[in-house]
$ cat structure.txt   # compact mmCIF, C-alpha atoms and all ligand atoms
# COMPACT_ATOMS: atom_id res chain seq x y z
CA MET A 1 242.55 -23.27 162.56
CA ARG A 2 243.17 -27.00 162.93
CA VAL A 3 240.53 -29.69 163.34
CA ASP A 4 240.93 -33.44 163.11
CA LEU A 5 239.26 -34.72 159.94
CA ALA A 6 241.51 -37.77 159.47
CA ASP A 7 239.67 -40.58 157.64
CA HIS A 8 236.81 -38.23 156.76
CA VAL A 9 235.56 -38.09 153.17
CA ALA A 10 234.18 -34.80 151.89
CA VAL A 11 232.38 -33.65 148.76
CA VAL A 12 232.64 -29.96 147.92
CA THR A 13 230.40 -28.74 145.11
CA GLY A 14 231.75 -25.69 143.31
CA GLY A 15 235.14 -26.61 144.75
CA ALA A 16 237.08 -25.69 141.62
CA ALA A 17 237.13 -21.97 142.38
CA GLY A 18 236.48 -19.19 144.89
CA ILE A 19 234.95 -20.03 148.26
CA GLY A 20 234.50 -23.71 147.39
CA GLN A 21 238.18 -24.00 146.48
CA ALA A 22 239.20 -22.49 149.83
CA ILE A 23 236.86 -24.93 151.61
CA ALA A 24 238.25 -27.92 149.69
CA SER A 25 241.81 -26.83 150.58
CA ALA A 26 240.95 -26.31 154.26
CA LEU A 27 239.28 -29.72 154.53
CA ALA A 28 242.23 -31.45 152.83
CA LEU A 29 244.73 -29.57 154.99
CA ASN A 30 242.94 -30.93 158.04
CA GLY A 31 243.10 -34.55 156.90
CA ALA A 32 239.92 -35.10 154.87
CA LYS A 33 239.88 -36.86 151.52
CA VAL A 34 238.10 -34.46 149.18
CA ALA A 35 236.08 -34.86 145.99
CA ILE A 36 235.55 -31.60 144.11
CA VAL A 37 232.26 -31.73 142.20
CA ASP A 38 232.16 -28.89 139.67
CA ILE A 39 230.72 -28.15 136.25
CA ASP A 40 234.09 -26.73 135.14
CA ALA A 41 235.91 -30.03 134.57
CA GLU A 42 239.25 -28.53 133.61
CA ARG A 43 239.41 -26.16 136.54
CA ALA A 44 238.24 -28.83 138.97
CA GLN A 45 241.04 -31.09 137.77
CA ALA A 46 243.63 -28.31 138.16
CA THR A 47 242.43 -27.47 141.68
CA ALA A 48 242.39 -31.14 142.70
CA ARG A 49 245.93 -31.51 141.35
CA GLU A 50 247.09 -28.46 143.29
CA ILE A 51 245.54 -29.67 146.55
CA SER A 52 246.93 -33.20 146.07
CA SER A 53 250.42 -31.82 145.48
CA ASN A 54 250.73 -31.38 149.26
CA GLY A 55 250.18 -35.10 149.77
CA ALA A 56 246.42 -34.84 150.37
CA VAL A 57 243.85 -36.99 148.59
CA CYS A 58 241.74 -34.78 146.33
CA VAL A 59 239.91 -35.83 143.17
CA ALA A 60 237.79 -33.97 140.64
CA ILE A 61 234.37 -35.19 139.56
CA PRO A 62 232.83 -33.09 136.77
CA ALA A 63 229.08 -32.64 137.23
CA ASP A 64 226.23 -30.17 137.12
CA VAL A 65 224.73 -30.03 140.64
CA ALA A 66 221.27 -29.53 139.17
CA ASP A 67 221.38 -32.67 137.01
CA PRO A 68 219.59 -35.40 139.00
CA ALA A 69 220.87 -38.38 136.98
CA ARG A 70 224.44 -37.12 137.01
CA MET A 71 224.34 -36.48 140.77
CA VAL A 72 223.14 -40.04 141.43
CA ALA A 73 226.15 -41.22 139.41
CA VAL A 74 228.39 -38.92 141.47
CA ALA A 75 227.05 -40.50 144.68
CA GLU A 76 227.87 -43.95 143.27
CA GLU A 77 231.35 -42.81 142.28
CA VAL A 78 232.07 -41.35 145.73
CA SER A 79 230.71 -44.43 147.41
CA GLY A 80 232.66 -46.78 145.11
CA ARG A 81 235.92 -44.88 145.41
CA PHE A 82 235.90 -44.00 149.12
CA GLY A 83 233.26 -46.30 150.62
CA ARG A 84 231.75 -43.54 152.74
CA LEU A 85 230.81 -39.86 152.93
CA ASP A 86 231.16 -37.75 156.09
CA ILE A 87 230.96 -34.17 154.85
CA LEU A 88 228.94 -32.49 152.10
CA ILE A 89 229.51 -28.83 151.29
CA ASN A 90 227.00 -27.29 148.87
CA SER A 91 228.94 -24.30 147.58
CA ALA A 92 228.30 -24.29 143.80
CA GLY A 93 226.46 -21.13 142.85
CA ILE A 94 225.88 -18.48 140.21
CA ASN A 95 224.43 -14.96 140.10
CA THR A 96 223.77 -12.26 137.55
CA ARG A 97 226.92 -10.31 136.82
CA ARG A 98 226.83 -6.77 135.45
CA ASP A 99 223.29 -6.74 134.09
CA ARG A 100 221.55 -6.18 137.43
CA VAL A 101 217.98 -4.99 136.94
CA PRO A 102 214.76 -4.57 138.95
CA ILE A 103 212.17 -7.34 139.01
CA HIS A 104 210.07 -5.98 136.13
CA GLU A 105 213.11 -6.22 133.85
CA PHE A 106 214.49 -9.46 135.25
CA LYS A 107 214.66 -12.12 132.52
CA LEU A 108 212.75 -15.32 133.20
CA ASP A 109 215.67 -17.32 131.76
CA ASP A 110 218.05 -15.73 134.28
CA TRP A 111 215.59 -16.41 137.11
CA ASN A 112 215.22 -20.07 136.08
CA LYS A 113 218.96 -20.64 135.68
CA ILE A 114 219.86 -19.07 139.05
CA LEU A 115 217.11 -20.91 140.91
CA GLU A 116 218.14 -24.14 139.20
CA VAL A 117 221.76 -23.98 140.34
CA ASP A 118 221.55 -22.08 143.64
CA LEU A 119 218.44 -23.73 145.12
CA THR A 120 217.51 -26.84 143.11
CA GLY A 121 221.22 -27.73 142.95
CA VAL A 122 221.40 -27.89 146.76
CA PHE A 123 218.28 -30.06 146.82
CA VAL A 124 219.38 -32.41 144.02
CA THR A 125 222.91 -32.81 145.42
CA SER A 126 221.67 -33.42 148.96
CA ARG A 127 219.03 -35.95 147.98
CA SER A 128 221.65 -37.86 145.97
CA LEU A 129 224.47 -37.83 148.52
CA VAL A 130 222.68 -37.93 151.90
CA PRO A 131 221.82 -41.65 151.41
CA VAL A 132 225.57 -42.42 151.41
CA MET A 133 225.85 -40.66 154.80
CA LEU A 134 222.77 -42.41 156.14
CA ARG A 135 224.50 -45.75 155.64
CA SER A 136 227.03 -44.83 158.35
CA GLY A 137 224.50 -42.91 160.45
CA HIS A 138 226.62 -39.80 160.79
CA GLY A 139 227.59 -36.79 158.73
CA ARG A 140 227.72 -33.05 158.31
CA VAL A 141 226.17 -30.92 155.60
CA VAL A 142 227.01 -27.25 155.18
CA ASN A 143 225.05 -25.23 152.65
CA ILE A 144 226.57 -21.96 151.46
CA SER A 145 223.79 -19.39 151.45
CA SER A 146 224.50 -15.65 151.51
CA ILE A 147 223.64 -12.65 153.62
CA ALA A 148 221.38 -11.87 150.65
CA GLY A 149 219.29 -14.83 151.81
CA LEU A 150 218.78 -13.12 155.17
CA VAL A 151 218.67 -9.43 154.27
CA PRO A 152 217.49 -8.84 150.71
CA LEU A 153 219.48 -6.71 148.32
CA ARG A 154 218.12 -4.77 145.36
CA LEU A 155 218.43 -5.94 141.73
CA GLN A 156 219.13 -9.60 142.45
CA SER A 157 215.61 -11.10 142.71
CA ALA A 158 216.60 -14.63 141.78
CA PHE A 159 219.71 -14.76 143.95
CA VAL A 160 218.02 -13.41 147.09
CA ALA A 161 215.07 -15.76 146.63
CA ALA A 162 217.30 -18.79 146.03
CA LYS A 163 219.57 -18.01 148.97
CA ALA A 164 216.58 -17.43 151.30
CA GLY A 165 215.33 -20.81 150.09
CA VAL A 166 218.68 -22.35 151.04
CA VAL A 167 218.30 -20.95 154.58
CA ASN A 168 214.98 -22.66 155.21
CA LEU A 169 215.95 -25.78 153.27
CA THR A 170 218.93 -26.04 155.65
CA ARG A 171 216.67 -25.79 158.68
CA SER A 172 214.24 -28.33 157.30
CA MET A 173 217.12 -30.74 156.52
CA ALA A 174 218.38 -30.23 160.09
CA LEU A 175 214.98 -31.26 161.46
CA GLU A 176 214.80 -34.33 159.21
CA LEU A 177 218.39 -35.53 159.37
CA GLY A 178 219.46 -34.53 162.92
CA PRO A 179 217.68 -37.57 164.41
CA ARG A 180 219.56 -39.73 161.87
CA GLY A 181 222.97 -38.42 163.02
CA ILE A 182 223.51 -35.88 160.23
CA LEU A 183 223.94 -32.26 161.31
CA VAL A 184 222.96 -29.65 158.74
CA ASN A 185 223.96 -25.99 158.93
CA ALA A 186 224.48 -23.04 156.62
CA VAL A 187 227.10 -20.35 156.26
CA ALA A 188 225.94 -16.97 155.01
CA PRO A 189 228.96 -15.12 153.63
CA GLY A 190 228.96 -11.40 153.13
CA SER A 191 230.88 -9.87 150.25
CA THR A 192 233.88 -12.09 149.59
CA LEU A 193 236.90 -11.45 147.41
CA THR A 194 236.93 -13.93 144.52
CA ALA A 195 237.84 -13.64 140.84
CA GLY A 196 234.13 -12.94 140.19
CA THR A 197 233.63 -10.12 142.71
CA GLU A 198 237.01 -8.64 141.83
CA ALA A 199 235.93 -8.36 138.20
CA LEU A 200 232.49 -7.11 139.21
CA PHE A 201 233.46 -4.29 141.55
CA TYR A 202 236.55 -4.64 143.69
CA GLY A 203 239.09 -4.09 140.94
CA PRO A 204 242.55 -5.61 140.73
CA ASP A 205 245.04 -5.99 143.58
CA GLY A 206 242.72 -4.86 146.35
CA ALA A 207 242.71 -1.28 144.99
CA TYR A 208 239.00 -0.81 145.50
CA THR A 209 236.98 1.01 142.91
CA GLU A 210 234.58 3.82 143.80
CA LYS A 211 231.66 1.40 143.48
CA ALA A 212 233.33 -0.98 145.91
CA ALA A 213 234.08 1.82 148.38
CA SER A 214 230.39 2.69 148.71
CA LEU A 215 229.58 -0.97 149.42
CA LEU A 216 232.42 -1.31 151.91
CA ALA A 217 231.15 1.75 153.80
CA HIS A 218 228.31 -0.48 155.04
CA ILE A 219 230.65 -3.15 156.38
CA PRO A 220 231.99 -2.44 159.88
CA LEU A 221 235.28 -4.20 159.08
CA GLY A 222 235.64 -2.04 155.96
CA ARG A 223 236.76 -4.84 153.66
CA PRO A 224 235.43 -7.94 151.92
CA ALA A 225 236.05 -11.40 153.39
CA ARG A 226 238.93 -13.53 152.23
CA THR A 227 237.78 -16.94 150.98
CA GLU A 228 239.86 -18.55 153.77
CA GLU A 229 237.74 -16.73 156.36
CA ILE A 230 234.58 -18.34 154.97
CA ALA A 231 236.35 -21.71 154.88
CA SER A 232 237.25 -21.38 158.58
CA ALA A 233 233.56 -21.00 159.49
CA VAL A 234 232.78 -24.13 157.47
CA LEU A 235 235.65 -25.94 159.17
CA PHE A 236 234.13 -25.14 162.57
CA LEU A 237 230.76 -26.56 161.50
CA VAL A 238 232.25 -29.85 160.29
CA ALA A 239 234.65 -30.21 163.25
CA PRO A 240 233.97 -33.06 165.69
CA GLU A 241 233.73 -30.37 168.40
CA ALA A 242 230.63 -28.77 166.74
CA SER A 243 228.60 -31.84 167.69
CA TYR A 244 225.58 -29.90 169.04
CA VAL A 245 225.26 -27.32 166.26
CA ASN A 246 222.35 -28.22 163.99
CA GLY A 247 220.09 -25.96 161.92
CA ALA A 248 222.26 -22.88 162.46
CA VAL A 249 222.93 -20.16 159.91
CA LEU A 250 226.36 -18.73 160.61
CA THR A 251 226.73 -15.23 159.21
CA VAL A 252 230.30 -14.36 158.19
CA ASP A 253 230.01 -10.82 156.93
CA GLY A 254 232.26 -8.52 158.95
CA GLY A 255 229.16 -7.21 160.73
CA TRP A 256 227.39 -6.03 157.57
CA THR A 257 223.98 -7.33 158.63
CA ALA A 258 224.38 -6.60 162.35
CA GLY A 259 222.63 -3.24 161.88
CA TYR A 260 222.98 0.10 160.14
CA ALA A 261 226.62 1.10 159.82
CA ARG A 262 225.91 4.78 159.27
CA ASP A 263 225.60 7.95 161.30
CA TRP A 264 222.16 9.28 162.06
N1 LIG B 301 231.73 -14.30 146.53
C1 LIG B 301 230.82 -13.73 147.30
O1 LIG B 301 230.89 -12.52 147.59
C2 LIG B 301 229.70 -14.56 147.88
C3 LIG B 301 228.88 -13.97 148.86
C4 LIG B 301 227.84 -14.72 149.40
C5 LIG B 301 227.65 -16.02 149.00
N2 LIG B 301 228.43 -16.56 148.05
C6 LIG B 301 228.15 -17.96 147.65
O2 LIG B 301 229.31 -18.76 147.81
C7 LIG B 301 229.29 -19.81 146.86
C8 LIG B 301 230.59 -19.79 146.08
O3 LIG B 301 230.66 -18.54 145.40
P1 LIG B 301 232.01 -17.97 144.78
O4 LIG B 301 231.95 -16.51 144.88
O5 LIG B 301 233.18 -18.70 145.33
O6 LIG B 301 231.77 -18.34 143.24
P2 LIG B 301 232.79 -18.75 142.10
O7 LIG B 301 232.12 -18.37 140.83
O8 LIG B 301 234.17 -18.26 142.38
O9 LIG B 301 232.82 -20.35 142.22
C9 LIG B 301 231.64 -21.08 141.99
C10 LIG B 301 232.02 -22.47 141.50
O10 LIG B 301 230.77 -23.19 141.28
C11 LIG B 301 230.88 -23.85 140.04
N3 LIG B 301 229.53 -24.06 139.48
C12 LIG B 301 228.70 -23.13 138.95
N4 LIG B 301 227.57 -23.71 138.51
C13 LIG B 301 227.69 -25.04 138.77
C14 LIG B 301 226.84 -26.15 138.55
N5 LIG B 301 225.65 -26.03 137.93
N6 LIG B 301 227.28 -27.37 138.94
C15 LIG B 301 228.50 -27.52 139.53
N7 LIG B 301 229.33 -26.49 139.77
C16 LIG B 301 228.94 -25.27 139.40
C17 LIG B 301 231.73 -22.97 139.16
O11 LIG B 301 232.29 -23.67 138.08
C18 LIG B 301 232.77 -22.47 140.18
O12 LIG B 301 233.88 -23.34 140.24
C19 LIG B 301 228.05 -19.58 145.98
O13 LIG B 301 226.99 -20.39 146.44
C20 LIG B 301 227.77 -18.10 146.20
O14 LIG B 301 226.42 -17.78 145.99
C21 LIG B 301 229.46 -15.88 147.46

$ encode --input "structure.txt" --output "structure tokens" --more "lines below"
Ligand SMILES: NC(=O)c1ccc[n+]([C@@H]2O[C@H](COP(=O)([O-])OP(=O)(O)OC[C@H]3O[C@@H](n4cnc5c(N)ncnc54)[C@H](O)[C@@H]3O)[C@@H](O)[C@H]2O)c1
Amino acid sequence: MRVDLADHVAVVTGGAAGIGQAIASALALNGAKVAIVDIDAERAQATAREISSNGAVCVAIPADVADPARMVAVAEEVSGRFGRLDILINSAGINTRRDRVPIHEFKLDDWNKILEVDLTGVFVTSRSLVPVMLRSGHGRVVNISSIAGLVPLRLQSAFVAAKAGVVNLTRSMALELGPRGILVNAVAPGSTLTAGTEALFYGPDGAYTEKAASLLAHIPLGRPARTEEIASAVLFLVAPEASYVNGAVLTVDGGWTAGYARDW
């Protein structure tokens, strides 16, 4: 998929790895200058180097998306270095890993940490960087939610609550910022193959474990998404052609949440 993002400047939070990395690559491949904002400084630097090796402009800015002072500094750095901001992708996120438990066993610390990054992080990052966009009177924001924000899953109280919060935060931002020329949308990925989900249940080399097979049985396409497939949806939302799409939540889940994929 090719779109014309020449002269566009993009910030991708969580762009050092996984879905964010694929988004950063796709934006750079289509002409955008990209700043990867990630808490993992080393990895962000390595990813930025890799993307720049094709001649693109990609820099790494280490930051915690939930740190208000640091994110104001990031906005100043982006503004100082590039003079503008056209695209903001809020992709940084965390979840519980193996220790998935029902709500009465869910640790308050885990709840606070997940809410802080997955929901407050989107808020803090947006409130810091949107003013840079407002100066030019145009822009695109894409928040990465999850199908878990639309259709709750068991044993992930904090994640489902945070991602549902991102859905309505997106809509509220669309109402506030649309009149100011900034279009705000969300992408809700289904299960996506990343280093994290591979370690959690898919297993190495696409040889799905038994646990993964039972999950995949609910997905009409019978497989997880590739990170590039999520990036393509984001690319559509930031493309000049998507100029009337505002407040949408684009589900990219192989049909998982379309209905019950089982025989009755
Ligand atoms: N992988 C999936 O199956 C899936 C499904 C639905 C939604 N999502 C969402 O997509 C987004 C990306 O997920 P992923 O699977 O690629 O994850 P990932 O773990 O591969 O990458 C997440 C990136 O975010 C960074 N990060 C974490 N906390 C941060 C913080 N406080 N500040 C700045 N950066 C931080 C990490 O360092 C990492 O580089 C997340 O919002 C996630 O919830 C993922």

$ residues_near_ligand --input "structure.txt" --ligand "ligand LIG 301 (chain B)" --cutoff "7 Å" --atoms "only C-alpha atoms and all ligand atoms" --output "PyMOL selection string"
chain A and resi 13-20+37-40+63-66+91-95+117-118+121+144-147+188-197

$ residues_around --input "structure.txt" --residues "Gly55 in chain A" --least-positions-apart "2" --cutoff "12 Å" --atoms "all atoms listed in the file" --output "compact mmCIF listing (two decimals) with C-alpha atoms, in the coordinates of the input"
# COMPACT_ATOMS: atom_id res chain seq x y z
CA SER A 25 241.81 -26.83 150.58
CA ALA A 28 242.23 -31.45 152.83
CA LEU A 29 244.73 -29.57 154.99
CA ASN A 30 242.94 -30.93 158.04
CA GLY A 31 243.10 -34.55 156.90
CA ALA A 32 239.92 -35.10 154.87
CA LYS A 33 239.88 -36.86 151.52
CA ALA A 48 242.39 -31.14 142.70
CA ARG A 49 245.93 -31.51 141.35
CA GLU A 50 247.09 -28.46 143.29
CA ILE A 51 245.54 -29.67 146.55
CA SER A 52 246.93 -33.20 146.07
CA SER A 53 250.42 -31.82 145.48
CA VAL A 57 243.85 -36.99 148.59
CA CYS A 58 241.74 -34.78 146.33

$ closest_atom_pairs --input "structure.txt" --of "range 65-153 of chain A" --to "range 181-187 of chain A" --cutoff "8 Å" --atoms "all atoms listed in the file" --output "JSON lines"
{"residue": "A:Met133", "atom": "CA", "partner": "A:Ile182", "partner_atom": "CA", "distance": 7.6}
{"residue": "A:Leu134", "atom": "CA", "partner": "A:Ile182", "partner_atom": "CA", "distance": 7.7}
{"residue": "A:Gly137", "atom": "CA", "partner": "A:Gly181", "partner_atom": "CA", "distance": 5.4}
{"residue": "A:His138", "atom": "CA", "partner": "A:Gly181", "partner_atom": "CA", "distance": 4.5}
{"residue": "A:Gly139", "atom": "CA", "partner": "A:Ile182", "partner_atom": "CA", "distance": 4.4}
{"residue": "A:Arg140", "atom": "CA", "partner": "A:Leu183", "partner_atom": "CA", "distance": 4.9}
{"residue": "A:Val141", "atom": "CA", "partner": "A:Val184", "partner_atom": "CA", "distance": 4.7}
{"residue": "A:Val142", "atom": "CA", "partner": "A:Asn185", "partner_atom": "CA", "distance": 5.0}
{"residue": "A:Asn143", "atom": "CA", "partner": "A:Ala186", "partner_atom": "CA", "distance": 4.6}
{"residue": "A:Ile144", "atom": "CA", "partner": "A:Val187", "partner_atom": "CA", "distance": 5.1}
{"residue": "A:Ser145", "atom": "CA", "partner": "A:Val187", "partner_atom": "CA", "distance": 5.9}
{"residue": "A:Ser146", "atom": "CA", "partner": "A:Val187", "partner_atom": "CA", "distance": 7.2}

$ closest_residue --input "structure.txt" --among "A:Val245, A:Ala261, A:Val151, A:Val234" --to "Ala217 in chain A" --atoms "only C-alpha atoms"
A:Ala261

$ atom_distance --input "structure.txt" --atom1 "CA of Arg100 in chain A" --atom2 "CA of Arg43 in chain A"
26.8 Å

$ atom_distance --input "structure.txt" --atom1 "CA of Ile87 in chain A" --atom2 "CA of Ala10 in chain A"
4.4 Å

$ residues_around --input "structure.txt" --residues "range 76-84 of chain A" --least-positions-apart "3" --cutoff "7 Å" --atoms "all atoms listed in the file" --output "mmCIF file with C-alpha atoms, keeping the file's coordinate frame"
data_model
loop_
_atom_site.group_PDB
_atom_site.id
_atom_site.type_symbol
_atom_site.label_atom_id
_atom_site.label_comp_id
_atom_site.auth_asym_id
_atom_site.auth_seq_id
_atom_site.Cartn_x
_atom_site.Cartn_y
_atom_site.Cartn_z
ATOM 1 C CA VAL A 9 235.560 -38.090 153.170
ATOM 2 C CA VAL A 72 223.140 -40.040 141.430
ATOM 3 C CA ALA A 73 226.150 -41.220 139.410
ATOM 4 C CA VAL A 132 225.570 -42.420 151.410
ATOM 5 C CA MET A 133 225.850 -40.660 154.800
#

$ atom_distance --input "structure.txt" --atom1 "CA of Ala69 in chain A" --atom2 "CA of Leu237 in chain A"
29.0 Å

$ closest_residue --input "structure.txt" --among "A:Ala174, A:Ala75, A:Ile36, A:Val166" --to "Pro62 in chain A" --atoms "all atoms listed in the file"
A:Ile36

$ closest_residue --input "structure.txt" --among "A:Lys107, A:Arg180, A:Arg171, A:Arg97" --to "Glu198 in chain A" --atoms "all atoms listed in the file"
A:Arg97

$ residues_around --input "structure.txt" --residues "range 199-201 of chain A" --least-positions-apart "5" --cutoff "9 Å" --atoms "only C-alpha atoms" --output "list in words"
Arg97, Arg98, Thr194, Tyr208, Thr209, Glu210, Lys211 and Ala212 of chain A

$ closest_residue --input "structure.txt" --among "A:Ala239, A:Leu119, A:Met71, A:Val249" --to "Val11 in chain A" --atoms "all atoms listed in the file"
A:Met71

$ decode --input "structure.txt" --residues "range 212-249 of chain A" --atoms "C-alpha atoms" --output "short mmCIF file (atom, residue, chain, number, x, y, z; two decimals), in the first residue's frame"
data_model
loop_
_atom_site.label_atom_id
_atom_site.label_comp_id
_atom_site.auth_asym_id
_atom_site.auth_seq_id
_atom_site.Cartn_x
_atom_site.Cartn_y
_atom_site.Cartn_z
CA ALA A 212 -2.97 -20.82 20.42
CA ALA A 213 -5.02 -23.26 18.34
CA SER A 214 -8.03 -22.89 20.62
CA LEU A 215 -7.80 -19.09 20.32
CA LEU A 216 -7.38 -19.24 16.55
CA ALA A 217 -10.51 -21.39 16.26
CA HIS A 218 -12.49 -18.22 17.05
CA ILE A 219 -10.87 -16.23 14.26
CA PRO A 220 -12.48 -16.72 10.84
CA LEU A 221 -9.13 -16.21 9.08
CA GLY A 222 -7.59 -18.87 11.35
CA ARG A 223 -4.38 -16.97 12.06
CA PRO A 224 -3.10 -13.95 13.96
CA ALA A 225 -2.47 -10.65 12.16
CA ARG A 226 0.97 -9.74 10.91
CA THR A 227 2.16 -6.40 12.30
CA GLU A 228 2.31 -5.06 8.71
CA GLU A 229 -1.44 -5.68 8.37
CA ILE A 230 -2.14 -3.44 11.36
CA ALA A 231 0.27 -0.84 9.96
CA SER A 232 -1.65 -0.81 6.65
CA ALA A 233 -4.87 0.12 8.47
CA VAL A 234 -3.02 2.96 10.21
CA LEU A 235 -1.57 4.06 6.88
CA PHE A 236 -5.09 4.34 5.45
CA LEU A 237 -6.20 6.53 8.36
CA VAL A 238 -3.28 8.95 7.97
CA ALA A 239 -3.46 9.04 4.15
CA PRO A 240 -4.54 12.33 2.55
CA GLU A 241 -7.38 10.34 0.94
CA ALA A 242 -8.95 9.51 4.37
CA SER A 243 -9.90 13.18 4.76
CA TYR A 244 -13.48 12.51 5.94
CA VAL A 245 -12.77 9.73 8.43
CA ASN A 246 -12.96 11.09 11.98
CA GLY A 247 -13.92 9.32 15.21
CA ALA A 248 -13.83 5.86 13.64
CA VAL A 249 -12.65 2.69 15.31
#
